[in-house]
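*Asks:* Provided herewith: target.tsv, TSV, C-alpha atoms.
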chain	number	residue	atom	x	y	z
A	104	MET	CA	59.78	124.81	76.09
A	105	LYS	CA	62.81	126.52	74.66
A	106	PRO	CA	62.89	129.47	77.12
A	107	ASN	CA	62.46	127.09	80.05
A	108	THR	CA	65.17	124.82	78.69
A	109	LEU	CA	67.55	127.75	78.38
A	110	VAL	CA	66.69	128.90	81.91
A	111	ASN	CA	67.22	125.41	83.30
A	112	ARG	CA	70.60	125.11	81.61
A	113	TYR	CA	71.58	128.56	82.83
A	114	ILE	CA	70.67	127.78	86.44
A	115	LEU	CA	72.45	124.42	86.36
A	116	LYS	CA	75.56	126.11	84.99
A	117	GLU	CA	75.39	128.77	87.72
A	118	LEU	CA	75.09	126.13	90.46
A	119	ILE	CA	78.39	124.42	89.67
A	120	PRO	CA	80.99	127.11	90.67
A	121	PRO	CA	79.58	127.77	94.19
A	122	PHE	CA	79.19	124.02	94.68
A	123	VAL	CA	82.87	123.41	93.92
A	124	ILE	CA	83.97	126.32	96.11
A	125	ASN	CA	81.83	125.14	99.04
A	126	LEU	CA	82.98	121.55	98.57
A	127	VAL	CA	86.65	122.54	98.75
A	128	PHE	CA	86.08	124.89	101.69
A	129	PHE	CA	84.11	122.40	103.82
A	130	MET	CA	86.51	119.61	102.90
A	131	PHE	CA	89.42	121.68	104.17
A	132	ILE	CA	87.57	122.41	107.43
A	133	PHE	CA	86.62	118.77	108.01
A	134	LEU	CA	90.06	117.43	107.12
A	135	MET	CA	91.85	119.68	109.60
A	136	SER	CA	91.14	117.36	112.53
A	137	GLU	CA	92.20	114.30	110.52
A	138	ILE	CA	95.39	116.01	109.34
A	139	LEU	CA	96.40	116.60	112.95
A	140	ASP	CA	96.10	112.88	113.76
A	141	ILE	CA	97.96	111.86	110.61
A	142	THR	CA	100.68	114.44	111.25
A	143	ASP	CA	101.12	113.06	114.75
A	144	MET	CA	101.58	109.61	113.22
A	145	ILE	CA	104.15	111.00	110.76
A	146	VAL	CA	106.12	112.60	113.60
A	147	ASN	CA	106.00	109.49	115.78
A	148	TYR	CA	106.56	106.84	113.10
A	149	GLN	CA	108.42	108.81	110.44
A	150	VAL	CA	106.26	107.77	107.49
A	151	ASN	CA	106.79	109.35	104.08
A	152	LEU	CA	104.54	111.82	102.29
A	153	SER	CA	103.03	109.20	99.99
A	154	VAL	CA	101.47	107.44	102.98
A	155	PHE	CA	100.26	110.81	104.28
A	156	PHE	CA	98.39	111.60	101.06
A	157	LEU	CA	97.02	108.05	100.88
A	158	MET	CA	95.53	108.40	104.36
A	159	ILE	CA	94.02	111.76	103.40
A	160	LEU	CA	92.48	110.08	100.33
A	161	TYR	CA	91.05	107.26	102.47
A	162	SER	CA	89.52	109.82	104.86
A	163	MET	CA	87.73	111.79	102.15
A	164	PRO	CA	84.69	109.51	101.51
A	165	TYR	CA	83.64	109.73	105.16
A	166	PHE	CA	83.73	113.52	105.14
A	167	LEU	CA	82.11	113.81	101.70
A	168	VAL	CA	78.98	112.08	103.03
A	169	TYR	CA	78.41	115.14	105.23
A	170	ILE	CA	80.02	117.77	103.03
A	171	ILE	CA	78.09	117.15	99.80
A	172	PRO	CA	74.62	117.92	101.28
A	173	MET	CA	76.04	121.09	102.86
A	174	SER	CA	77.62	122.13	99.58
A	175	VAL	CA	74.44	121.39	97.59
A	176	MET	CA	72.32	123.56	99.89
A	177	MET	CA	74.81	126.44	100.05
A	178	SER	CA	75.37	126.44	96.28
A	179	ILE	CA	71.60	126.66	95.63
A	180	LEU	CA	71.24	129.36	98.27
A	181	LEU	CA	74.16	131.44	96.98
A	182	THR	CA	73.09	131.09	93.35
A	183	PHE	CA	69.56	132.36	93.96
A	184	LEU	CA	70.80	135.07	96.31
A	185	ARG	CA	73.01	136.31	93.49
A	186	MET	CA	70.19	136.07	90.94
A	187	SER	CA	67.85	137.96	93.28
A	188	ALA	CA	70.45	140.68	93.91
A	189	ASP	CA	70.92	141.12	90.14
A	190	ASN	CA	67.12	141.26	89.61
A	191	GLU	CA	67.27	138.16	87.42
A	192	ILE	CA	64.41	136.56	89.39
A	193	VAL	CA	62.27	139.65	88.72
A	194	ALA	CA	63.14	139.46	85.02
A	195	LEU	CA	62.22	135.78	84.86
A	196	LYS	CA	58.88	136.44	86.55
A	197	ALA	CA	58.23	139.28	84.09
A	198	GLY	CA	58.98	136.84	81.27
A	199	GLY	CA	56.32	134.41	82.51
A	200	VAL	CA	58.54	131.99	84.42
A	201	SER	CA	57.00	131.23	87.81
A	202	LEU	CA	58.96	130.18	90.89
A	203	TYR	CA	57.72	126.62	90.37
A	204	GLY	CA	59.38	126.70	86.95
A	205	LEU	CA	62.74	127.09	88.69
A	206	ILE	CA	62.32	123.82	90.62
A	207	PRO	CA	63.42	121.35	87.84
A	208	PRO	CA	67.11	122.43	87.63
A	209	VAL	CA	67.30	122.61	91.44
A	210	LEU	CA	65.75	119.16	91.75
A	211	VAL	CA	68.08	117.70	89.12
A	212	PHE	CA	71.09	119.18	90.89
A	213	ALA	CA	69.88	117.93	94.30
A	214	VAL	CA	69.20	114.41	92.98
A	215	PHE	CA	72.66	114.34	91.43
A	216	GLY	CA	74.13	115.26	94.83
A	217	PHE	CA	71.95	112.58	96.46
A	218	LEU	CA	73.25	109.86	94.12
A	219	ILE	CA	76.89	110.84	94.65
A	220	THR	CA	76.42	110.89	98.44
A	221	VAL	CA	74.72	107.48	98.42
A	222	ALA	CA	77.65	106.09	96.45
A	223	MET	CA	80.07	107.60	98.98
A	224	ALA	CA	78.07	106.28	101.95
A	225	GLY	CA	77.46	102.81	100.54
A	226	TRP	CA	80.77	102.02	98.88
A	227	GLY	CA	83.27	104.84	99.29
A	228	MET	CA	83.11	105.11	103.08
A	229	PRO	CA	83.49	101.34	103.78
A	230	TRP	CA	86.41	101.18	101.35
A	231	GLY	CA	88.07	104.28	102.81
A	232	LYS	CA	87.53	103.22	106.42
A	233	SER	CA	88.98	99.73	105.86
A	234	ALA	CA	91.91	101.03	103.82
A	235	TYR	CA	92.67	103.76	106.38
A	236	GLU	CA	92.67	101.30	109.30
A	237	LYS	CA	94.80	98.82	107.39
A	238	THR	CA	97.34	101.49	106.40
A	239	ALA	CA	97.49	102.90	109.93
A	240	MET	CA	98.04	99.45	111.44
A	241	GLU	CA	100.70	98.67	108.86
A	242	VAL	CA	102.52	101.93	109.63
A	243	VAL	CA	102.48	101.25	113.36
A	244	ARG	CA	103.44	97.58	112.90
A	245	SER	CA	106.40	98.24	110.63
A	246	ASN	CA	107.70	101.18	112.67
A	247	PHE	CA	106.61	100.30	116.19
A	248	ASN	CA	110.12	100.52	117.62
A	249	ILE	CA	110.32	104.12	116.30
A	250	GLY	CA	107.04	104.88	118.08
A	251	MET	CA	108.71	103.82	121.35
A	252	SER	CA	110.29	107.25	121.63
A	253	GLU	CA	112.67	107.63	124.51
A	254	GLY	CA	112.00	110.21	127.18
A	255	ARG	CA	108.29	110.44	126.29
A	256	PHE	CA	105.12	109.06	127.87
A	257	ASN	CA	103.17	106.83	125.50
A	258	ASP	CA	99.43	106.34	126.10
A	259	ASP	CA	98.40	104.95	122.71
A	260	PHE	CA	97.14	101.72	124.29
A	261	ALA	CA	93.96	101.75	126.35
A	262	GLY	CA	94.72	101.38	130.06
A	263	LEU	CA	98.50	101.48	129.56
A	264	THR	CA	100.95	104.33	129.92
A	265	PHE	CA	104.65	103.59	129.58
A	266	TYR	CA	107.84	105.60	129.71
A	267	VAL	CA	111.24	104.48	128.43
A	268	ASN	CA	114.33	106.49	129.28
A	269	ASN	CA	116.53	104.99	126.55
A	270	VAL	CA	115.82	102.86	123.45
A	271	ASP	CA	118.35	101.01	121.31
A	272	MET	CA	116.77	101.00	117.84
A	273	LYS	CA	119.01	98.20	116.52
A	274	THR	CA	118.60	95.66	119.32
A	275	ARG	CA	115.18	96.94	120.55
A	276	GLU	CA	116.56	97.00	124.06
A	277	LEU	CA	114.79	99.26	126.55
A	278	ASN	CA	116.40	100.88	129.58
A	279	ASP	CA	114.74	102.35	132.67
A	280	VAL	CA	111.13	101.41	131.97
A	281	LEU	CA	108.10	102.70	133.86
A	282	ILE	CA	104.62	101.33	133.07
A	283	GLN	CA	101.26	102.28	134.57
A	284	ASP	CA	98.74	99.46	134.00
A	285	SER	CA	95.09	100.27	134.75
A	286	ARG	CA	93.43	97.74	132.44
A	287	GLN	CA	91.81	96.03	135.42
A	288	SER	CA	89.16	98.27	136.97
A	289	GLN	CA	89.76	97.05	140.54
A	290	THR	CA	93.54	97.18	140.50
A	291	SER	CA	96.15	99.73	139.46
A	292	SER	CA	99.69	98.48	138.86
A	293	THR	CA	102.95	100.40	138.52
A	294	ILE	CA	105.80	98.41	136.96
A	295	ILE	CA	109.41	99.55	137.16
A	296	ALA	CA	112.33	97.70	135.57
A	297	PRO	CA	115.92	98.70	134.76
A	298	ARG	CA	115.83	97.02	131.35
A	299	GLY	CA	113.64	95.17	128.88
A	300	ASP	CA	113.25	93.95	125.31
A	301	LEU	CA	110.65	94.68	122.63
A	302	LEU	CA	109.68	91.33	121.05
A	303	LYS	CA	107.33	90.32	118.26
A	304	GLY	CA	104.07	88.65	119.34
A	305	ASN	CA	102.04	85.78	117.91
A	306	ASP	CA	100.88	87.78	114.87
A	307	ASP	CA	101.85	90.88	112.91
A	308	TYR	CA	99.81	93.20	115.11
A	309	THR	CA	100.99	92.25	118.58
A	310	PHE	CA	104.21	93.01	120.44
A	311	VAL	CA	105.53	91.96	123.83
A	312	ILE	CA	107.51	94.11	126.25
A	313	ARG	CA	109.64	91.69	128.29
A	314	LEU	CA	110.99	93.28	131.46
A	315	TYR	CA	113.80	91.96	133.66
A	316	ASP	CA	114.58	92.25	137.39
A	317	GLY	CA	111.86	94.74	138.24
A	318	VAL	CA	109.11	95.34	140.78
A	319	ILE	CA	105.31	95.55	140.51
A	320	SER	CA	103.45	97.82	142.93
A	321	GLN	CA	99.72	97.10	143.03
A	322	VAL	CA	97.01	99.19	144.68
A	323	GLU	CA	93.41	98.09	145.26
A	324	PRO	CA	91.52	101.30	146.20
A	325	GLY	CA	88.26	99.50	146.95
A	326	ARG	CA	89.86	97.24	149.54
A	327	GLY	CA	92.45	99.72	150.77
A	328	GLU	CA	95.32	97.32	150.09
A	329	ALA	CA	98.73	97.79	148.46
A	330	HIS	CA	101.58	95.36	147.93
A	331	ALA	CA	104.78	95.00	145.90
A	332	THR	CA	106.17	91.98	144.05
A	333	ASN	CA	109.67	91.48	142.64
A	334	PHE	CA	110.06	89.58	139.37
A	335	THR	CA	112.83	88.17	137.25
A	336	THR	CA	110.95	88.38	133.95
A	337	TYR	CA	107.56	89.91	133.22
A	338	ASP	CA	105.74	90.12	129.85
A	339	ILE	CA	103.25	92.78	128.79
A	340	ARG	CA	101.32	92.16	125.59
A	341	LEU	CA	100.58	95.16	123.34
A	342	ASP	CA	97.80	94.70	120.78
A	343	ILE	CA	98.05	97.29	118.00
A	344	ALA	CA	94.79	96.21	116.37
A	345	GLY	CA	92.87	96.68	119.61
A	346	SER	CA	91.81	93.03	119.84
A	347	GLY	CA	93.30	89.64	120.29
A	348	THR	CA	92.59	88.52	116.76
A	349	ASP	CA	94.17	89.13	113.42
A	350	MET	CA	93.00	92.15	111.43
A	351	GLY	CA	91.43	89.96	108.78
A	352	SER	CA	89.18	88.07	111.21
A	353	ARG	CA	88.10	90.89	113.53
A	354	HIS	CA	84.52	92.19	113.57
A	355	LYS	CA	83.96	94.99	111.12
A	356	ASP	CA	82.89	98.37	112.38
A	357	GLU	CA	79.46	99.36	111.03
A	358	LYS	CA	81.06	102.17	109.00
A	359	GLU	CA	83.20	99.55	107.21
A	360	MET	CA	80.16	97.47	106.17
A	361	ARG	CA	78.54	97.75	102.76
A	362	PHE	CA	74.78	97.71	102.07
A	363	SER	CA	74.65	93.94	101.65
A	364	GLU	CA	76.61	93.30	104.85
A	365	LEU	CA	74.40	95.64	106.87
A	366	ARG	CA	71.21	94.03	105.57
A	367	GLU	CA	72.58	90.54	106.17
A	368	TYR	CA	73.49	91.31	109.77
A	369	ILE	CA	70.06	92.83	110.51
A	370	LYS	CA	68.33	89.88	108.89
A	371	THR	CA	70.27	87.22	110.82
A	372	ALA	CA	70.69	89.02	114.17
A	373	GLU	CA	69.40	86.94	117.07
A	374	ASN	CA	69.40	89.69	119.73
A	375	ARG	CA	68.43	93.34	119.41
A	376	ASN	CA	71.41	94.58	121.36
A	377	LYS	CA	73.41	97.81	121.09
A	378	ARG	CA	75.32	96.56	118.03
A	379	TYR	CA	72.05	95.67	116.28
A	380	TYR	CA	70.69	99.19	116.70
A	381	SER	CA	74.03	100.72	115.67
A	382	ILE	CA	74.01	98.75	112.42
A	383	LEU	CA	70.33	99.52	111.79
A	384	LEU	CA	71.10	103.20	112.31
A	385	GLU	CA	74.03	103.01	109.90
A	386	LEU	CA	71.84	101.42	107.21
A	387	HIS	CA	69.26	104.22	107.45
A	388	ARG	CA	72.00	106.86	107.75
A	389	LYS	CA	73.43	105.81	104.38
A	390	PHE	CA	70.20	107.04	102.76
A	391	SER	CA	68.84	109.69	105.14
A	392	ILE	CA	71.92	111.94	105.09
A	393	PRO	CA	72.20	111.86	101.26
A	394	PHE	CA	68.48	112.67	101.05
A	395	ALA	CA	69.30	115.95	102.83
A	396	CYS	CA	70.56	117.13	99.42
A	397	ILE	CA	66.91	117.15	98.25
A	398	SER	CA	65.15	118.37	101.41
A	399	MET	CA	67.70	121.10	102.15
A	400	GLY	CA	67.95	122.00	98.46
A	401	LEU	CA	64.21	122.68	98.29
A	402	LEU	CA	64.54	124.81	101.42
A	403	ALA	CA	67.43	126.82	99.94
A	404	LEU	CA	65.40	127.84	96.86
A	405	PRO	CA	62.84	130.08	98.64
A	406	LEU	CA	65.50	131.36	101.02
A	407	GLY	CA	67.46	132.68	98.06
A	408	VAL	CA	64.63	134.37	96.17
A	409	MET	CA	62.70	136.06	98.99
A	410	SER	CA	62.54	139.83	98.56
A	411	VAL	CA	63.22	141.07	102.09
A	412	SER	CA	65.46	143.74	103.51
A	413	ALA	CA	68.99	142.66	104.31
A	414	ARG	CA	68.36	139.77	101.93
A	415	LYS	CA	71.87	138.40	101.67
A	416	SER	CA	72.70	138.42	105.36
A	417	ALA	CA	69.25	137.12	106.29
A	418	GLY	CA	69.31	134.37	103.67
A	419	LEU	CA	72.79	133.14	104.54
A	420	GLY	CA	72.05	133.36	108.25
A	421	MET	CA	68.82	131.41	107.90
A	422	GLY	CA	70.57	128.85	105.70
A	423	LEU	CA	73.28	128.21	108.26
A	424	LEU	CA	70.69	128.17	111.05
A	425	CYS	CA	68.57	125.60	109.20
A	426	PHE	CA	71.59	123.42	108.59
A	427	LEU	CA	72.57	123.62	112.26
A	428	LEU	CA	69.00	122.69	113.22
A	429	TYR	CA	69.09	119.75	110.81
A	430	TYR	CA	72.24	118.28	112.35
A	431	LEU	CA	71.00	118.88	115.89
A	432	LEU	CA	67.82	116.95	115.06
A	433	LEU	CA	69.91	114.27	113.35
A	434	SER	CA	72.18	113.90	116.40
A	435	ALA	CA	69.23	113.70	118.76
A	436	GLY	CA	67.51	111.13	116.56
A	437	THR	CA	70.70	109.07	116.37
A	438	VAL	CA	71.13	108.98	120.15
A	439	LEU	CA	67.48	108.11	120.83
A	440	GLY	CA	67.34	105.57	118.03
A	441	GLU	CA	70.55	103.85	119.17
A	442	SER	CA	69.19	103.57	122.71
A	443	GLY	CA	66.06	101.87	121.38
A	444	TRP	CA	63.58	104.57	122.43
A	445	PHE	CA	61.99	104.42	118.98
A	446	HIS	CA	62.74	102.94	115.59
A	447	PRO	CA	65.98	104.36	114.09
A	448	ALA	CA	64.15	105.29	110.90
A	449	ILE	CA	62.11	107.88	112.80
A	450	GLY	CA	65.13	109.63	114.29
A	451	LEU	CA	67.11	109.69	111.04
A	452	TRP	CA	64.33	110.59	108.61
A	453	ALA	CA	62.42	113.08	110.78
A	454	PRO	CA	64.96	115.93	110.14
A	455	ASN	CA	64.50	115.48	106.38
A	456	GLY	CA	60.73	115.56	106.81
A	457	ILE	CA	60.82	118.70	108.95
A	458	MET	CA	63.15	120.57	106.61
A	459	GLY	CA	61.27	119.38	103.53
A	460	VAL	CA	57.90	120.54	104.87
A	461	LEU	CA	59.42	123.87	105.92
A	462	GLY	CA	60.91	124.27	102.44
A	463	LEU	CA	57.61	123.50	100.70
A	464	TYR	CA	55.77	125.93	102.98
A	465	MET	CA	58.25	128.71	102.24
A	466	LEU	CA	58.20	127.86	98.52
A	467	VAL	CA	54.40	128.23	98.34
A	468	LYS	CA	54.45	131.49	100.29
A	469	THR	CA	57.23	132.90	98.12
A	470	ALA	CA	55.52	131.86	94.86
A	471	LYS	CA	52.48	133.86	96.01
A	472	ASP	CA	54.71	136.84	96.94
A	473	GLU	CA	53.52	136.52	100.54
A	474	PRO	CA	55.92	137.35	103.37
A	475	VAL	CA	57.21	134.58	105.61
A	476	GLY	CA	57.19	135.79	109.20
A	477	LEU	CA	60.15	133.71	110.31
A	478	LEU	CA	62.54	135.07	107.69
A	479	SER	CA	61.18	138.63	107.94
A	480	GLY	CA	61.74	138.61	111.69
A	481	PHE	CA	65.23	137.23	111.24
A	482	ALA	CA	66.04	139.89	108.63
A	483	PHE	CA	64.71	142.61	110.91
A	484	THR	CA	66.89	141.35	113.78
A	485	VAL	CA	69.96	141.22	111.52
A	486	GLY	CA	69.29	144.77	110.35
A	487	ARG	CA	68.96	146.05	113.91
A	488	ILE	CA	72.20	144.36	114.96
A	489	ARG	CA	74.08	145.74	111.96
A	490	GLY	CA	72.72	149.20	112.66
A	491	TYR	CA	73.76	149.03	116.30
A	492	LEU	CA	77.25	147.83	115.45
A	493	SER	CA	77.70	150.62	112.92
A	494	GLY	CA	76.49	153.24	115.40
A	495	ARG	CA	73.33	154.07	113.45
A	496	GLY	CA	70.84	152.35	115.70
A	497	LYS	CA	70.13	150.94	119.11
A	498	PRO	CA	69.87	147.32	120.24
Spit out the file's structure as structure tokens when you get a sec.
*Replies:*
Amino acid sequence: MKPNTLVNRYILKELIPPFVINLVFFMFIFLMSEILDITDMIVNYQVNLSVFFLMILYSMPYFLVYIIPMSVMMSILLTFLRMSADNEIVALKAGGVSLYGLIPPVLVFAVFGFLITVAMAGWGMPWGKSAYEKTAMEVVRSNFNIGMSEGRFNDDFAGLTFYVNNVDMKTRELNDVLIQDSRQSQTSSTIIAPRGDLLKGNDDYTFVIRLYDGVISQVEPGRGEAHATNFTTYDIRLDIAGSGTDMGSRHKDEKEMRFSELREYIKTAENRNKRYYSILLELHRKFSIPFACISMGLLALPLGVMSVSARKSAGLGMGLLCFLLYYLLLSAGTVLGESGWFHPAIGLWAPNGIMGVLGLYMLVKTAKDEPVGLLSGFAFTVGRIRGYLSGRGKP
């Protein structure tokens, strides 16, 4: 047991550095899109850097749910690619350690990633999502008059686009206001007024634009009619929270719901509508995506130790291809499960089953030192492409 224990400890130690590097790299890639949105909010509402870093922190649990399985697979793949390149796998086999003897440290590492991802999906993501929305609404609420930038079209509200030529920040007085209102599907309204006021609404998340002495031009394309109406005062309600209720009483998004809340909704739901399937999908997603740490980890092991030509390029290429295939299957299963074509569990767990079976098949073939046609063909194709690009071969 001592040699195996030493080998297991060695492999676990080798898995950590590539895992950290991959985690940081993928986190940076995923956060780029979120940083753009937050930066836009900083520019429009002039929030300080502390709020910026808080919103980045709140965004991280959502991304980690997807990043951790990717990092687990790539760290296992890179570790065994390195060990194969340094002939350490050959040395272990010569010392009596079979490929199956390398599974325990990989499995322990994958299960550890699974548990962390489940924690992120079940508790971290709901906390981060709720905190992010609350912070964003608070920023907009407390600095809404700053967001009413003069000389700029604002389309932050669904169905509304407004333009203000001049804004008095102290009195919240608006001058030369143009508003395009398309919230009603049958009618499009253009509102023009020389002046207006920005007033507080009934709660902390609503505002009212009160316009004076303007005109409303309405067009009904379906009926081919258009007419104009003059007004003395006209109020337009702006709902920052996106609903007519207070933030504390609005319906939670499924990504903001914890395990107990998801189970309770499914148990008490009267109708199997779109929201029911969305919540059922979210419940299964909180376990199926973390389980990818195990299924994809088992697949990465044989990919890393296979002795084929162009091993590194072929292994990395196949790893990325398998991960792309996994997320394509996951996306397809999510769409079909949400539409009610089949039970959501099938669409969300099938990718894990496919990748797990493929990994076990490749593991058995590799343990017997038998070639796997899929990887050999991929390696041959990579070699031909590299030879062509370097001028030593033909396509």
*Asks:* In terms of the shortest atom-to-atom distance over all atoms listed in the file, which of A:Ile179, A:Leu428, A:Ile124, A:Val408 is closest to Leu466 (chain A)?
*Replies:*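 Checking each candidate against Leu466 (chain A), we get A:Val408 as the closest.
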*Asks:* Please compute the CA of Phe265 (chain A)-CA of Asn151 (chain A) distance, one decimal, in Å.
*Replies:*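 Distance between the two atoms: 26.2 Å.
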*Asks:* CA of Val221 (chain A) and CA of Val168 (chain A), how far apart in Å?
*Replies:*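 Distance reported for this atom pair: 7.8 Å.
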*Asks:* At a cut-off of 10 Å, using all atoms listed in the file, what residues contact Asn333 (chain A)? Leave out same-chain residues fewer than 3 positions from it and give the result as a ChimeraX atom specification.
*Replies:* /A:294-296,315-320,336-337
*Asks:* Pick the closest to Thr469 (chain A) from A:Phe122, A:Glu328, A:Met409, A:Ser233: which is it, counting all atoms listed in the file?
*Replies:* A:Met409
*Asks:* By how many Å are CA of Gly459 (chain A) and CA of Leu184 (chain A) apart?
*Replies:*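 Spanning CA of Gly459 (chain A) to CA of Leu184 (chain A) is a straight-line distance of 19.7 Å.
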*Asks:* Taking only C-alpha atoms into account, name the residue in A:Gly199, A:Pro120, A:Gly225, A:Pro172 that is nearest to Arg366 (chain A).
*Replies:*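 Counting only C-alpha atoms, the residue closest to Arg366 (chain A) is A:Gly225.
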*Asks:* Please identify all polymer residues lying at most 6 Å from the point (67.9, 105.4, 114.4) (file coordinates), using all atoms listed in the file, and present the result as a VMD selection string.
*Replies:* chain A and resid 384 437 440 to 441 446 to 448 450 to 451
*Asks:* Neighbouring residues of Leu314 (chain A) were defined as those with any atom within 12 Å, considering all atoms listed in the file; residues of the same chain fewer than 4 positions away were excluded. Please report them as an mmCIF file with C-alpha atoms, keeping the file's coordinate frame.
*Replies:*
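Full text of out_34.cif as output:
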data_model
loop_
_atom_site.group_PDB
_atom_site.id
_atom_site.type_symbol
_atom_site.label_atom_id
_atom_site.label_comp_id
_atom_site.auth_asym_id
_atom_site.auth_seq_id
_atom_site.Cartn_x
_atom_site.Cartn_y
_atom_site.Cartn_z
ATOM 1 C CA VAL A 267 111.240 104.480 128.430
ATOM 2 C CA GLU A 276 116.560 97.000 124.060
ATOM 3 C CA LEU A 277 114.790 99.260 126.550
ATOM 4 C CA ASN A 278 116.400 100.880 129.580
ATOM 5 C CA ASP A 279 114.740 102.350 132.670
ATOM 6 C CA VAL A 280 111.130 101.410 131.970
ATOM 7 C CA LEU A 281 108.100 102.700 133.860
ATOM 8 C CA ILE A 282 104.620 101.330 133.070
ATOM 9 C CA ILE A 294 105.800 98.410 136.960
ATOM 10 C CA ILE A 295 109.410 99.550 137.160
ATOM 11 C CA ALA A 296 112.330 97.700 135.570
ATOM 12 C CA PRO A 297 115.920 98.700 134.760
ATOM 13 C CA ARG A 298 115.830 97.020 131.350
ATOM 14 C CA GLY A 299 113.640 95.170 128.880
ATOM 15 C CA ASP A 300 113.250 93.950 125.310
ATOM 16 C CA LEU A 301 110.650 94.680 122.630
ATOM 17 C CA LEU A 302 109.680 91.330 121.050
ATOM 18 C CA VAL A 318 109.110 95.340 140.780
ATOM 19 C CA ILE A 319 105.310 95.550 140.510
ATOM 20 C CA ASN A 333 109.670 91.480 142.640
ATOM 21 C CA PHE A 334 110.060 89.580 139.370
ATOM 22 C CA THR A 335 112.830 88.170 137.250
ATOM 23 C CA THR A 336 110.950 88.380 133.950
ATOM 24 C CA TYR A 337 107.560 89.910 133.220
ATOM 25 C CA ASP A 338 105.740 90.120 129.850
ATOM 26 C CA ILE A 339 103.250 92.780 128.790
ATOM 27 C CA ARG A 340 101.320 92.160 125.590
#
*Asks:* Would you pick out the contacts of Ser174 (chain A) at 12 Å or less, using all atoms listed in the file, so that residues sharing its chain but fewer than 5 positions from it are not included, and give the list as a ChimeraX atom specification?
*Replies:* /A:118-130,166-169,179-182,212-213,216-217,220,393,395-397,399-400,403,422-423,426
*Asks:* If we count all atoms listed in the file, what is near Ile449 (chain A) at a cut-off of 12 Å, once residues fewer than 2 positions away on the same chain are taken out, given as a PyMOL selection string?
*Replies:* chain A and resi 383-384+387-388+391+432-433+435-441+443-447+451-457
*Asks:* Check the smallest atom-to-atom distance from each of A:Thr293, A:Asn376, A:Ser442, A:Asn107 to Ile206 (chain A) using all atoms listed in the file, then report the winner.
*Replies:*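 With all atoms listed in the file as the atom set, the closest residue is A:Asn107.
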